[in-house]
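Novice: This is the content of my_file.cif (mmCIF, N, CA and C atoms):
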data_upload
#
loop_
_atom_site.group_PDB
_atom_site.id
_atom_site.type_symbol
_atom_site.label_atom_id
_atom_site.label_comp_id
_atom_site.auth_asym_id
_atom_site.auth_seq_id
_atom_site.Cartn_x
_atom_site.Cartn_y
_atom_site.Cartn_z
ATOM 1 N N MET A 271 -0.704 216.741 146.418
ATOM 2 C CA MET A 271 -1.309 215.422 146.404
ATOM 3 C C MET A 271 -0.186 214.390 146.433
ATOM 4 N N THR A 272 -0.257 213.474 147.346
ATOM 5 C CA THR A 272 0.761 212.437 147.483
ATOM 6 C C THR A 272 0.438 211.276 146.552
ATOM 7 N N PRO A 273 1.392 210.876 145.716
ATOM 8 C CA PRO A 273 1.128 209.741 144.829
ATOM 9 C C PRO A 273 1.087 208.436 145.620
ATOM 10 N N VAL A 274 -0.055 207.804 145.674
ATOM 11 C CA VAL A 274 -0.212 206.595 146.486
ATOM 12 C C VAL A 274 0.258 205.337 145.760
ATOM 13 N N TYR A 275 0.414 205.410 144.446
ATOM 14 C CA TYR A 275 0.798 204.222 143.689
ATOM 15 C C TYR A 275 2.297 204.157 143.411
ATOM 16 N N VAL A 276 3.046 205.122 143.918
ATOM 17 C CA VAL A 276 4.500 205.128 143.749
ATOM 18 C C VAL A 276 5.123 205.000 145.133
ATOM 19 N N THR A 277 5.734 203.877 145.380
ATOM 20 C CA THR A 277 6.330 203.623 146.695
ATOM 21 C C THR A 277 7.789 204.078 146.716
ATOM 22 N N GLN A 278 8.372 204.096 147.905
ATOM 23 C CA GLN A 278 9.792 204.427 148.022
ATOM 24 C C GLN A 278 10.647 203.407 147.265
ATOM 25 N N ALA A 279 10.210 202.153 147.261
ATOM 26 C CA ALA A 279 10.939 201.127 146.502
ATOM 27 C C ALA A 279 10.901 201.446 145.011
ATOM 28 N N ASP A 280 9.754 201.927 144.527
ATOM 29 C CA ASP A 280 9.650 202.333 143.119
ATOM 30 C C ASP A 280 10.612 203.475 142.816
ATOM 31 N N VAL A 281 10.640 204.455 143.709
ATOM 32 C CA VAL A 281 11.529 205.607 143.526
ATOM 33 C C VAL A 281 12.982 205.153 143.490
ATOM 34 N N ALA A 282 13.332 204.188 144.345
ATOM 35 C CA ALA A 282 14.711 203.698 144.403
ATOM 36 C C ALA A 282 15.083 202.861 143.179
ATOM 37 N N ASN A 283 14.115 202.124 142.627
ATOM 38 C CA ASN A 283 14.412 201.197 141.533
ATOM 39 C C ASN A 283 14.138 201.729 140.136
ATOM 40 N N PHE A 284 13.322 202.758 140.026
ATOM 41 C CA PHE A 284 12.934 203.243 138.705
ATOM 42 C C PHE A 284 13.164 204.744 138.621
ATOM 43 N N GLY A 285 13.373 205.195 137.433
ATOM 44 C CA GLY A 285 13.563 206.624 137.219
ATOM 45 C C GLY A 285 13.175 206.982 135.801
ATOM 46 N N VAL A 286 13.363 208.216 135.475
ATOM 47 C CA VAL A 286 13.083 208.679 134.115
ATOM 48 C C VAL A 286 14.333 209.368 133.593
ATOM 49 N N ASN A 287 14.421 209.430 132.284
ATOM 50 C CA ASN A 287 15.580 210.092 131.701
ATOM 51 C C ASN A 287 15.245 211.540 131.327
ATOM 52 N N VAL A 288 16.265 212.285 130.962
ATOM 53 C CA VAL A 288 16.108 213.696 130.611
ATOM 54 C C VAL A 288 15.164 213.844 129.421
ATOM 55 N N GLY A 289 15.224 212.909 128.482
ATOM 56 C CA GLY A 289 14.347 212.965 127.311
ATOM 57 C C GLY A 289 12.873 212.921 127.690
ATOM 58 N N PHE A 290 12.544 212.088 128.671
ATOM 59 C CA PHE A 290 11.153 212.031 129.136
ATOM 60 C C PHE A 290 10.720 213.384 129.686
ATOM 61 N N VAL A 291 11.562 213.990 130.501
ATOM 62 C CA VAL A 291 11.234 215.279 131.108
ATOM 63 C C VAL A 291 11.080 216.346 130.027
ATOM 64 N N ARG A 292 11.969 216.363 129.053
ATOM 65 C CA ARG A 292 11.864 217.343 127.958
ATOM 66 C C ARG A 292 10.584 217.135 127.158
ATOM 67 N N HIS A 293 10.265 215.878 126.880
ATOM 68 C CA HIS A 293 9.037 215.572 126.141
ATOM 69 C C HIS A 293 7.800 216.003 126.943
ATOM 70 N N TYR A 294 7.792 215.700 128.217
ATOM 71 C CA TYR A 294 6.675 216.056 129.100
ATOM 72 C C TYR A 294 6.491 217.574 129.139
ATOM 73 N N ASN A 295 7.599 218.294 129.320
ATOM 74 C CA ASN A 295 7.527 219.756 129.374
ATOM 75 C C ASN A 295 7.093 220.348 128.040
ATOM 76 N N ALA A 296 7.557 219.778 126.937
ATOM 77 C CA ALA A 296 7.157 220.264 125.617
ATOM 78 C C ALA A 296 5.658 220.074 125.410
ATOM 79 N N ALA A 297 5.130 218.957 125.862
ATOM 80 C CA ALA A 297 3.694 218.701 125.711
ATOM 81 C C ALA A 297 2.866 219.742 126.449
ATOM 82 N N PHE A 298 3.298 220.154 127.617
ATOM 83 C CA PHE A 298 2.544 221.139 128.387
ATOM 84 C C PHE A 298 2.782 222.566 127.925
ATOM 85 N N SER A 299 3.870 222.818 127.224
ATOM 86 C CA SER A 299 4.136 224.174 126.741
ATOM 87 C C SER A 299 3.523 224.408 125.367
ATOM 88 N N GLY A 300 3.123 223.337 124.695
ATOM 89 C CA GLY A 300 2.554 223.466 123.364
ATOM 90 C C GLY A 300 3.612 223.520 122.273
ATOM 91 N N GLU A 301 4.852 223.378 122.634
ATOM 92 C CA GLU A 301 5.938 223.403 121.656
ATOM 93 C C GLU A 301 6.275 221.982 121.221
ATOM 94 N N SER A 302 6.859 221.882 120.050
ATOM 95 C CA SER A 302 7.298 220.573 119.569
ATOM 96 C C SER A 302 8.548 220.149 120.328
ATOM 97 N N ALA A 303 8.611 218.882 120.635
ATOM 98 C CA ALA A 303 9.821 218.360 121.283
ATOM 99 C C ALA A 303 10.937 218.303 120.244
ATOM 100 N N ARG A 304 12.137 218.630 120.667
ATOM 101 C CA ARG A 304 13.263 218.562 119.736
ATOM 102 C C ARG A 304 13.609 217.102 119.480
ATOM 103 N N PRO A 305 14.361 216.876 118.434
ATOM 104 C CA PRO A 305 14.802 215.500 118.191
ATOM 105 C C PRO A 305 15.646 214.994 119.366
ATOM 106 N N ALA A 306 15.561 213.721 119.612
ATOM 107 C CA ALA A 306 16.313 213.124 120.724
ATOM 108 C C ALA A 306 17.811 213.246 120.472
ATOM 109 N N ALA A 307 18.529 213.450 121.549
ATOM 110 C CA ALA A 307 19.990 213.543 121.487
ATOM 111 C C ALA A 307 20.572 212.659 122.586
ATOM 112 N N GLU A 308 21.847 212.434 122.539
ATOM 113 C CA GLU A 308 22.497 211.557 123.520
ATOM 114 C C GLU A 308 22.273 212.007 124.967
ATOM 115 N N PRO A 309 22.328 213.322 125.284
ATOM 116 C CA PRO A 309 22.086 213.727 126.679
ATOM 117 C C PRO A 309 20.679 213.375 127.193
ATOM 118 N N ASP A 310 19.746 213.165 126.270
ATOM 119 C CA ASP A 310 18.383 212.811 126.683
ATOM 120 C C ASP A 310 18.322 211.442 127.348
ATOM 121 N N ARG A 311 19.340 210.641 127.152
ATOM 122 C CA ARG A 311 19.355 209.301 127.744
ATOM 123 C C ARG A 311 19.855 209.309 129.181
ATOM 124 N N GLU A 312 20.387 210.428 129.620
ATOM 125 C CA GLU A 312 20.904 210.539 130.990
ATOM 126 C C GLU A 312 19.752 210.521 131.991
ATOM 127 N N PRO A 313 20.002 210.063 133.213
ATOM 128 C CA PRO A 313 18.941 210.091 134.231
ATOM 129 C C PRO A 313 18.570 211.533 134.581
ATOM 130 N N ALA A 314 17.308 211.756 134.770
ATOM 131 C CA ALA A 314 16.832 213.082 135.178
ATOM 132 C C ALA A 314 16.999 213.222 136.685
ATOM 133 N N ARG A 315 17.057 214.431 137.137
ATOM 134 C CA ARG A 315 17.191 214.670 138.586
ATOM 135 C C ARG A 315 15.820 214.837 139.235
ATOM 136 N N ILE A 316 14.840 214.241 138.640
ATOM 137 C CA ILE A 316 13.471 214.299 139.159
ATOM 138 C C ILE A 316 13.056 212.875 139.488
ATOM 139 N N SER A 317 12.548 212.678 140.683
ATOM 140 C CA SER A 317 12.167 211.317 141.086
ATOM 141 C C SER A 317 10.818 210.941 140.490
ATOM 142 N N LEU A 318 10.594 209.664 140.452
ATOM 143 C CA LEU A 318 9.319 209.138 139.972
ATOM 144 C C LEU A 318 8.160 209.671 140.821
ATOM 145 N N ALA A 319 8.373 209.816 142.120
ATOM 146 C CA ALA A 319 7.331 210.342 143.013
ATOM 147 C C ALA A 319 6.996 211.792 142.665
ATOM 148 N N GLU A 320 8.012 212.598 142.327
ATOM 149 C CA GLU A 320 7.756 213.992 141.947
ATOM 150 C C GLU A 320 6.940 214.065 140.661
ATOM 151 N N ILE A 321 7.287 213.220 139.703
ATOM 152 C CA ILE A 321 6.549 213.204 138.442
ATOM 153 C C ILE A 321 5.110 212.766 138.678
ATOM 154 N N ALA A 322 4.912 211.764 139.513
ATOM 155 C CA ALA A 322 3.553 211.308 139.823
ATOM 156 C C ALA A 322 2.751 212.416 140.499
ATOM 157 N N ALA A 323 3.366 213.149 141.413
ATOM 158 C CA ALA A 323 2.669 214.240 142.104
ATOM 159 C C ALA A 323 2.313 215.362 141.132
ATOM 160 N N ILE A 324 3.235 215.709 140.242
ATOM 161 C CA ILE A 324 2.970 216.755 139.248
ATOM 162 C C ILE A 324 1.856 216.314 138.311
ATOM 163 N N ASN A 325 1.905 215.065 137.880
ATOM 164 C CA ASN A 325 0.880 214.558 136.977
ATOM 165 C C ASN A 325 -0.492 214.534 137.649
ATOM 166 N N ALA A 326 -0.542 214.150 138.914
ATOM 167 C CA ALA A 326 -1.815 214.147 139.650
ATOM 168 C C ALA A 326 -2.362 215.566 139.785
ATOM 169 N N PHE A 327 -1.490 216.531 140.067
ATOM 170 C CA PHE A 327 -1.918 217.930 140.167
ATOM 171 C C PHE A 327 -2.465 218.416 138.827
ATOM 172 N N ASN A 328 -1.744 218.131 137.737
ATOM 173 C CA ASN A 328 -2.188 218.562 136.409
ATOM 174 C C ASN A 328 -3.528 217.937 136.039
ATOM 175 N N ALA A 329 -3.708 216.669 136.356
ATOM 176 C CA ALA A 329 -4.981 216.007 136.066
ATOM 177 C C ALA A 329 -6.111 216.644 136.860
ATOM 178 N N SER A 330 -5.846 216.979 138.110
ATOM 179 C CA SER A 330 -6.850 217.635 138.946
ATOM 180 C C SER A 330 -7.239 218.991 138.360
ATOM 181 N N ALA A 331 -6.252 219.751 137.912
ATOM 182 C CA ALA A 331 -6.528 221.059 137.304
ATOM 183 C C ALA A 331 -7.344 220.893 136.028
ATOM 184 N N CYS A 332 -7.017 219.891 135.227
ATOM 185 C CA CYS A 332 -7.774 219.646 133.994
ATOM 186 C C CYS A 332 -9.227 219.299 134.295
ATOM 187 N N LEU A 333 -9.452 218.508 135.321
ATOM 188 C CA LEU A 333 -10.828 218.164 135.698
ATOM 189 C C LEU A 333 -11.592 219.398 136.171
ATOM 190 N N GLN A 334 -10.927 220.283 136.898
ATOM 191 C CA GLN A 334 -11.572 221.523 137.340
ATOM 192 C C GLN A 334 -11.918 222.402 136.143
ATOM 193 N N TRP A 335 -10.995 222.518 135.197
ATOM 194 C CA TRP A 335 -11.266 223.317 133.997
ATOM 195 C C TRP A 335 -12.407 222.715 133.194
ATOM 196 N N ARG A 336 -12.477 221.389 133.136
ATOM 197 C CA ARG A 336 -13.558 220.717 132.416
ATOM 198 C C ARG A 336 -14.906 221.054 133.053
ATOM 199 N N GLU A 337 -14.970 220.965 134.373
ATOM 200 C CA GLU A 337 -16.216 221.285 135.071
ATOM 201 C C GLU A 337 -16.613 222.738 134.837
ATOM 202 N N GLN A 338 -15.638 223.626 134.850
ATOM 203 C CA GLN A 338 -15.921 225.039 134.612
ATOM 204 C C GLN A 338 -16.433 225.243 133.186
ATOM 205 N N ALA A 339 -15.808 224.601 132.216
ATOM 206 C CA ALA A 339 -16.236 224.734 130.823
ATOM 207 C C ALA A 339 -17.644 224.173 130.627
ATOM 208 N N LEU A 340 -17.932 223.031 131.236
ATOM 209 C CA LEU A 340 -19.277 222.459 131.122
ATOM 210 C C LEU A 340 -20.310 223.361 131.785
ATOM 211 N N GLY A 341 -19.958 223.958 132.916
ATOM 212 C CA GLY A 341 -20.862 224.891 133.582
ATOM 213 C C GLY A 341 -21.132 226.121 132.731
ATOM 214 N N LEU A 342 -20.102 226.654 132.097
ATOM 215 C CA LEU A 342 -20.276 227.814 131.218
ATOM 216 C C LEU A 342 -21.122 227.455 130.003
ATOM 217 N N LYS A 343 -20.943 226.251 129.484
ATOM 218 C CA LYS A 343 -21.744 225.795 128.346
ATOM 219 C C LYS A 343 -23.221 225.717 128.733
ATOM 220 N N THR A 344 -23.511 225.154 129.895
ATOM 221 C CA THR A 344 -24.891 225.065 130.380
ATOM 222 C C THR A 344 -25.478 226.457 130.594
ATOM 223 N N PHE A 345 -24.713 227.347 131.214
ATOM 224 C CA PHE A 345 -25.168 228.715 131.441
ATOM 225 C C PHE A 345 -25.478 229.403 130.115
ATOM 226 N N TYR A 346 -24.624 229.235 129.117
ATOM 227 C CA TYR A 346 -24.820 229.868 127.816
ATOM 228 C C TYR A 346 -26.096 229.357 127.158
ATOM 229 N N LYS A 347 -26.339 228.038 127.226
ATOM 230 C CA LYS A 347 -27.564 227.474 126.643
ATOM 231 C C LYS A 347 -28.804 228.029 127.341
ATOM 232 N N GLN A 348 -28.756 228.128 128.678
ATOM 233 C CA GLN A 348 -29.890 228.685 129.424
ATOM 234 C C GLN A 348 -30.108 230.148 129.065
ATOM 235 N N LEU A 349 -29.029 230.884 128.897
ATOM 236 C CA LEU A 349 -29.124 232.289 128.516
ATOM 237 C C LEU A 349 -29.756 232.424 127.139
ATOM 238 N N GLN A 350 -29.374 231.579 126.195
ATOM 239 C CA GLN A 350 -29.967 231.599 124.861
ATOM 240 C C GLN A 350 -31.463 231.301 124.929
ATOM 241 N N GLN A 351 -31.845 230.291 125.712
ATOM 242 C CA GLN A 351 -33.259 229.931 125.832
ATOM 243 C C GLN A 351 -34.055 231.079 126.444
ATOM 244 N N THR A 352 -33.494 231.725 127.452
ATOM 245 C CA THR A 352 -34.168 232.851 128.091
ATOM 246 C C THR A 352 -34.357 233.983 127.104
ATOM 247 N N GLN A 353 -33.345 234.273 126.314
ATOM 248 C CA GLN A 353 -33.447 235.352 125.337
ATOM 249 C C GLN A 353 -34.463 235.014 124.260
ATOM 250 N N GLN A 354 -34.503 233.758 123.818
ATOM 251 C CA GLN A 354 -35.484 233.350 122.817
ATOM 252 C C GLN A 354 -36.896 233.476 123.378
ATOM 253 N N PHE A 355 -37.098 233.042 124.614
ATOM 254 C CA PHE A 355 -38.409 233.128 125.246
ATOM 255 C C PHE A 355 -38.831 234.589 125.386
ATOM 256 N N THR A 356 -37.906 235.444 125.810
ATOM 257 C CA THR A 356 -38.205 236.867 125.974
ATOM 258 C C THR A 356 -38.579 237.485 124.639
ATOM 259 N N THR A 357 -37.880 237.126 123.575
ATOM 260 C CA THR A 357 -38.178 237.655 122.248
ATOM 261 C C THR A 357 -39.565 237.219 121.801
ATOM 262 N N ILE A 358 -39.912 235.965 122.015
ATOM 263 C CA ILE A 358 -41.241 235.458 121.641
ATOM 264 C C ILE A 358 -42.318 236.187 122.436
ATOM 265 N N GLU A 359 -42.119 236.355 123.739
ATOM 266 C CA GLU A 359 -43.089 237.059 124.576
ATOM 267 C C GLU A 359 -43.237 238.514 124.144
ATOM 268 N N ASP A 360 -42.142 239.164 123.794
ATOM 269 C CA ASP A 360 -42.202 240.552 123.326
ATOM 270 C C ASP A 360 -43.006 240.647 122.039
ATOM 271 N N ARG A 361 -42.825 239.717 121.137
ATOM 272 C CA ARG A 361 -43.574 239.726 119.872
ATOM 273 C C ARG A 361 -45.058 239.514 120.131
ATOM 274 N N ARG A 362 -45.374 238.602 121.042
ATOM 275 C CA ARG A 362 -46.780 238.355 121.362
ATOM 276 C C ARG A 362 -47.429 239.595 121.965
ATOM 277 N N SER A 363 -46.737 240.212 122.890
ATOM 278 C CA SER A 363 -47.337 241.362 123.567
ATOM 279 C C SER A 363 -47.517 242.538 122.614
ATOM 280 N N THR A 364 -46.639 242.717 121.655
ATOM 281 C CA THR A 364 -46.814 243.825 120.710
ATOM 282 C C THR A 364 -47.884 243.498 119.691
ATOM 283 N N SER A 365 -48.079 242.233 119.342
ATOM 284 C CA SER A 365 -49.114 241.887 118.364
ATOM 285 C C SER A 365 -50.499 241.891 119.001
ATOM 286 N N GLU A 366 -50.593 241.802 120.317
ATOM 287 C CA GLU A 366 -51.883 241.788 120.998
ATOM 288 C C GLU A 366 -52.332 243.181 121.423
ATOM 289 N N ARG A 367 -51.518 244.189 121.227
ATOM 290 C CA ARG A 367 -51.907 245.536 121.623
ATOM 291 C C ARG A 367 -53.028 246.036 120.723
ATOM 292 N N PRO A 368 -53.987 246.656 121.326
ATOM 293 C CA PRO A 368 -55.050 247.235 120.474
ATOM 294 C C PRO A 368 -54.494 248.448 119.736
ATOM 295 N N TYR A 369 -54.891 248.557 118.509
ATOM 296 C CA TYR A 369 -54.452 249.699 117.722
ATOM 297 C C TYR A 369 -55.258 250.922 118.137
ATOM 298 N N PRO A 370 -54.650 252.080 118.076
ATOM 299 C CA PRO A 370 -55.407 253.291 118.427
ATOM 300 C C PRO A 370 -56.550 253.507 117.431
ATOM 301 N N ALA A 371 -57.612 254.039 117.936
ATOM 302 C CA ALA A 371 -58.774 254.299 117.069
ATOM 303 C C ALA A 371 -58.394 255.324 116.019
ATOM 304 N N SER A 372 -58.814 255.067 114.783
ATOM 305 C CA SER A 372 -58.497 256.024 113.728
ATOM 306 C C SER A 372 -59.469 257.183 113.786
ATOM 307 N N LYS A 373 -58.980 258.304 113.410
ATOM 308 C CA LYS A 373 -59.808 259.517 113.465
ATOM 309 C C LYS A 373 -60.469 259.790 112.169
#
Can the structure in the file be given as structure tokens, please?
Specialist:
Amino acid sequence: MTPVYVTQADVANFGVNVGFVRHYNAAFSGESARPAAEPDREPARISLAEIAAINAFNASACLQWREQALGLKTFYKQLQQTQQFTTIEDRRSTSERPYPASK
């Protein structure tokens, strides 16, 4: 996905530092970011356009996972309702059976 809001002029004039990249990566790995150090202030070798493209891809994946989770939730609720209905119908059919004649 091409970042449409980051122009070549933006890439030339703005950048991110190593600390930003470390923080970003830590957030996605689930690990705590280490305390900031002097090397974190250095410019990163990743352009603003690359970060925008990665962020757009990650957001797209999150939206897909959300849709999948919502679909599974709906399916599970329907499955529960079907099972409840089947159980009620089974109880009705067994209670309506005529008992065998006693001898």
Novice: Write out as a short mmCIF file (atom, residue, chain, number, x, y, z; two decimals) with N, CA and C atoms, in the coordinates of the input all residues of stretch 281-314 of chain A that backbone DSSP assigns to alpha helix (DSSP H).
Specialist:
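Listed below is the output, out_19.cif:
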data_model
loop_
_atom_site.label_atom_id
_atom_site.label_comp_id
_atom_site.auth_asym_id
_atom_site.auth_seq_id
_atom_site.Cartn_x
_atom_site.Cartn_y
_atom_site.Cartn_z
N VAL A 281 10.64 204.46 143.71
CA VAL A 281 11.53 205.61 143.53
C VAL A 281 12.98 205.15 143.49
N ALA A 282 13.33 204.19 144.34
CA ALA A 282 14.71 203.70 144.40
C ALA A 282 15.08 202.86 143.18
N ASN A 283 14.12 202.12 142.63
CA ASN A 283 14.41 201.20 141.53
C ASN A 283 14.14 201.73 140.14
N VAL A 288 16.26 212.28 130.96
CA VAL A 288 16.11 213.70 130.61
C VAL A 288 15.16 213.84 129.42
N GLY A 289 15.22 212.91 128.48
CA GLY A 289 14.35 212.96 127.31
C GLY A 289 12.87 212.92 127.69
N PHE A 290 12.54 212.09 128.67
CA PHE A 290 11.15 212.03 129.14
C PHE A 290 10.72 213.38 129.69
N VAL A 291 11.56 213.99 130.50
CA VAL A 291 11.23 215.28 131.11
C VAL A 291 11.08 216.35 130.03
N ARG A 292 11.97 216.36 129.05
CA ARG A 292 11.86 217.34 127.96
C ARG A 292 10.58 217.14 127.16
N HIS A 293 10.26 215.88 126.88
CA HIS A 293 9.04 215.57 126.14
C HIS A 293 7.80 216.00 126.94
N TYR A 294 7.79 215.70 128.22
CA TYR A 294 6.68 216.06 129.10
C TYR A 294 6.49 217.57 129.14
N ASN A 295 7.60 218.29 129.32
CA ASN A 295 7.53 219.76 129.37
C ASN A 295 7.09 220.35 128.04
N ALA A 296 7.56 219.78 126.94
CA ALA A 296 7.16 220.26 125.62
C ALA A 296 5.66 220.07 125.41
N ALA A 297 5.13 218.96 125.86
CA ALA A 297 3.69 218.70 125.71
C ALA A 297 2.87 219.74 126.45
N PHE A 298 3.30 220.15 127.62
CA PHE A 298 2.54 221.14 128.39
C PHE A 298 2.78 222.57 127.92
N SER A 299 3.87 222.82 127.22
CA SER A 299 4.14 224.17 126.74
C SER A 299 3.52 224.41 125.37
#
Novice: Please list as a VMD selection string every residue within 12 Å of stretch 290-304 of chain A, counting only C-alpha atoms and excluding residues in the same chain fewer than 2 positions away.
Specialist: chain A and resid 285 to 288 306 to 307 309 to 318 320 to 321 324 to 325 328 to 329 332
Novice: Convert the current residue selection to file output with N, CA and C atoms, as a short mmCIF file (atom, residue, chain, number, x, y, z; two decimals), in the coordinates of the input.
Specialist:
data_model
loop_
_atom_site.label_atom_id
_atom_site.label_comp_id
_atom_site.auth_asym_id
_atom_site.auth_seq_id
_atom_site.Cartn_x
_atom_site.Cartn_y
_atom_site.Cartn_z
N GLY A 285 13.37 205.20 137.43
CA GLY A 285 13.56 206.62 137.22
C GLY A 285 13.18 206.98 135.80
N VAL A 286 13.36 208.22 135.48
CA VAL A 286 13.08 208.68 134.12
C VAL A 286 14.33 209.37 133.59
N ASN A 287 14.42 209.43 132.28
CA ASN A 287 15.58 210.09 131.70
C ASN A 287 15.24 211.54 131.33
N VAL A 288 16.26 212.28 130.96
CA VAL A 288 16.11 213.70 130.61
C VAL A 288 15.16 213.84 129.42
N ALA A 306 15.56 213.72 119.61
CA ALA A 306 16.31 213.12 120.72
C ALA A 306 17.81 213.25 120.47
N ALA A 307 18.53 213.45 121.55
CA ALA A 307 19.99 213.54 121.49
C ALA A 307 20.57 212.66 122.59
N PRO A 309 22.33 213.32 125.28
CA PRO A 309 22.09 213.73 126.68
C PRO A 309 20.68 213.38 127.19
N ASP A 310 19.75 213.16 126.27
CA ASP A 310 18.38 212.81 126.68
C ASP A 310 18.32 211.44 127.35
N ARG A 311 19.34 210.64 127.15
CA ARG A 311 19.36 209.30 127.74
C ARG A 311 19.86 209.31 129.18
N GLU A 312 20.39 210.43 129.62
CA GLU A 312 20.90 210.54 130.99
C GLU A 312 19.75 210.52 131.99
N PRO A 313 20.00 210.06 133.21
CA PRO A 313 18.94 210.09 134.23
C PRO A 313 18.57 211.53 134.58
N ALA A 314 17.31 211.76 134.77
CA ALA A 314 16.83 213.08 135.18
C ALA A 314 17.00 213.22 136.68
N ARG A 315 17.06 214.43 137.14
CA ARG A 315 17.19 214.67 138.59
C ARG A 315 15.82 214.84 139.24
N ILE A 316 14.84 214.24 138.64
CA ILE A 316 13.47 214.30 139.16
C ILE A 316 13.06 212.88 139.49
N SER A 317 12.55 212.68 140.68
CA SER A 317 12.17 211.32 141.09
C SER A 317 10.82 210.94 140.49
N LEU A 318 10.59 209.66 140.45
CA LEU A 318 9.32 209.14 139.97
C LEU A 318 8.16 209.67 140.82
N GLU A 320 8.01 212.60 142.33
CA GLU A 320 7.76 213.99 141.95
C GLU A 320 6.94 214.06 140.66
N ILE A 321 7.29 213.22 139.70
CA ILE A 321 6.55 213.20 138.44
C ILE A 321 5.11 212.77 138.68
N ILE A 324 3.24 215.71 140.24
CA ILE A 324 2.97 216.76 139.25
C ILE A 324 1.86 216.31 138.31
N ASN A 325 1.90 215.06 137.88
CA ASN A 325 0.88 214.56 136.98
C ASN A 325 -0.49 214.53 137.65
N ASN A 328 -1.74 218.13 137.74
CA ASN A 328 -2.19 218.56 136.41
C ASN A 328 -3.53 217.94 136.04
N ALA A 329 -3.71 216.67 136.36
CA ALA A 329 -4.98 216.01 136.07
C ALA A 329 -6.11 216.64 136.86
N CYS A 332 -7.02 219.89 135.23
CA CYS A 332 -7.77 219.65 133.99
C CYS A 332 -9.23 219.30 134.29
#
Novice: How many Å separate atom N of A:Leu349 from atom C of A:Leu333?
Specialist: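 Computing the Euclidean distance for atom N of A:Leu349 and atom C of A:Leu333 yields 22.1 Å.
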Novice: What does the structure give for the distance between atom C of A:Thr357 and atom CA of A:Leu342, in Å to one decimal?
Specialist: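 Computed distance, atom C of A:Thr357 to atom CA of A:Leu342, equals 23.4 Å.
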Novice: Place a sphere of radius 8 Å on (2.8, 206.3, 144.5) in the file coordinates and name every protein, DNA or RNA residue with an atom inside or on its surface, counting only N, CA and C atoms; give the answer as a PDB file with N, CA and C atoms, keeping the file's coordinate frame.
Specialist:
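This went into out-v1.pdb:
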ATOM      1  N   THR A 272      -0.257 213.474 147.346  1.00  0.00           N
ATOM      2  CA  THR A 272       0.761 212.437 147.483  1.00  0.00           C
ATOM      3  C   THR A 272       0.438 211.276 146.552  1.00  0.00           C
ATOM      4  N   PRO A 273       1.392 210.876 145.716  1.00  0.00           N
ATOM      5  CA  PRO A 273       1.128 209.741 144.829  1.00  0.00           C
ATOM      6  C   PRO A 273       1.087 208.436 145.620  1.00  0.00           C
ATOM      7  N   VAL A 274      -0.055 207.804 145.674  1.00  0.00           N
ATOM      8  CA  VAL A 274      -0.212 206.595 146.486  1.00  0.00           C
ATOM      9  C   VAL A 274       0.258 205.337 145.760  1.00  0.00           C
ATOM     10  N   TYR A 275       0.414 205.410 144.446  1.00  0.00           N
ATOM     11  CA  TYR A 275       0.798 204.222 143.689  1.00  0.00           C
ATOM     12  C   TYR A 275       2.297 204.157 143.411  1.00  0.00           C
ATOM     13  N   VAL A 276       3.046 205.122 143.918  1.00  0.00           N
ATOM     14  CA  VAL A 276       4.500 205.128 143.749  1.00  0.00           C
ATOM     15  C   VAL A 276       5.123 205.000 145.133  1.00  0.00           C
ATOM     16  N   THR A 277       5.734 203.877 145.380  1.00  0.00           N
ATOM     17  CA  THR A 277       6.330 203.623 146.695  1.00  0.00           C
ATOM     18  C   THR A 277       7.789 204.078 146.716  1.00  0.00           C
ATOM     19  N   GLN A 278       8.372 204.096 147.905  1.00  0.00           N
ATOM     20  CA  GLN A 278       9.792 204.427 148.022  1.00  0.00           C
ATOM     21  C   GLN A 278      10.647 203.407 147.265  1.00  0.00           C
ATOM     22  N   LEU A 318      10.594 209.664 140.452  1.00  0.00           N
ATOM     23  CA  LEU A 318       9.319 209.138 139.972  1.00  0.00           C
ATOM     24  C   LEU A 318       8.160 209.671 140.821  1.00  0.00           C
ATOM     25  N   ALA A 319       8.373 209.816 142.120  1.00  0.00           N
ATOM     26  CA  ALA A 319       7.331 210.342 143.013  1.00  0.00           C
ATOM     27  C   ALA A 319       6.996 211.792 142.665  1.00  0.00           C
ATOM     28  N   ALA A 322       4.912 211.764 139.513  1.00  0.00           N
ATOM     29  CA  ALA A 322       3.553 211.308 139.823  1.00  0.00           C
ATOM     30  C   ALA A 322       2.751 212.416 140.499  1.00  0.00           C
ATOM     31  N   ALA A 323       3.366 213.149 141.413  1.00  0.00           N
ATOM     32  CA  ALA A 323       2.669 214.240 142.104  1.00  0.00           C
ATOM     33  C   ALA A 323       2.313 215.362 141.132  1.00  0.00           C
TER      34      ALA A 323
END
Novice: What does the distance between atom N of A:Phe327 and atom N of A:Ala282 come to in Å, to one decimal place?
Specialist: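 These atoms are spaced 19.8 Å apart.
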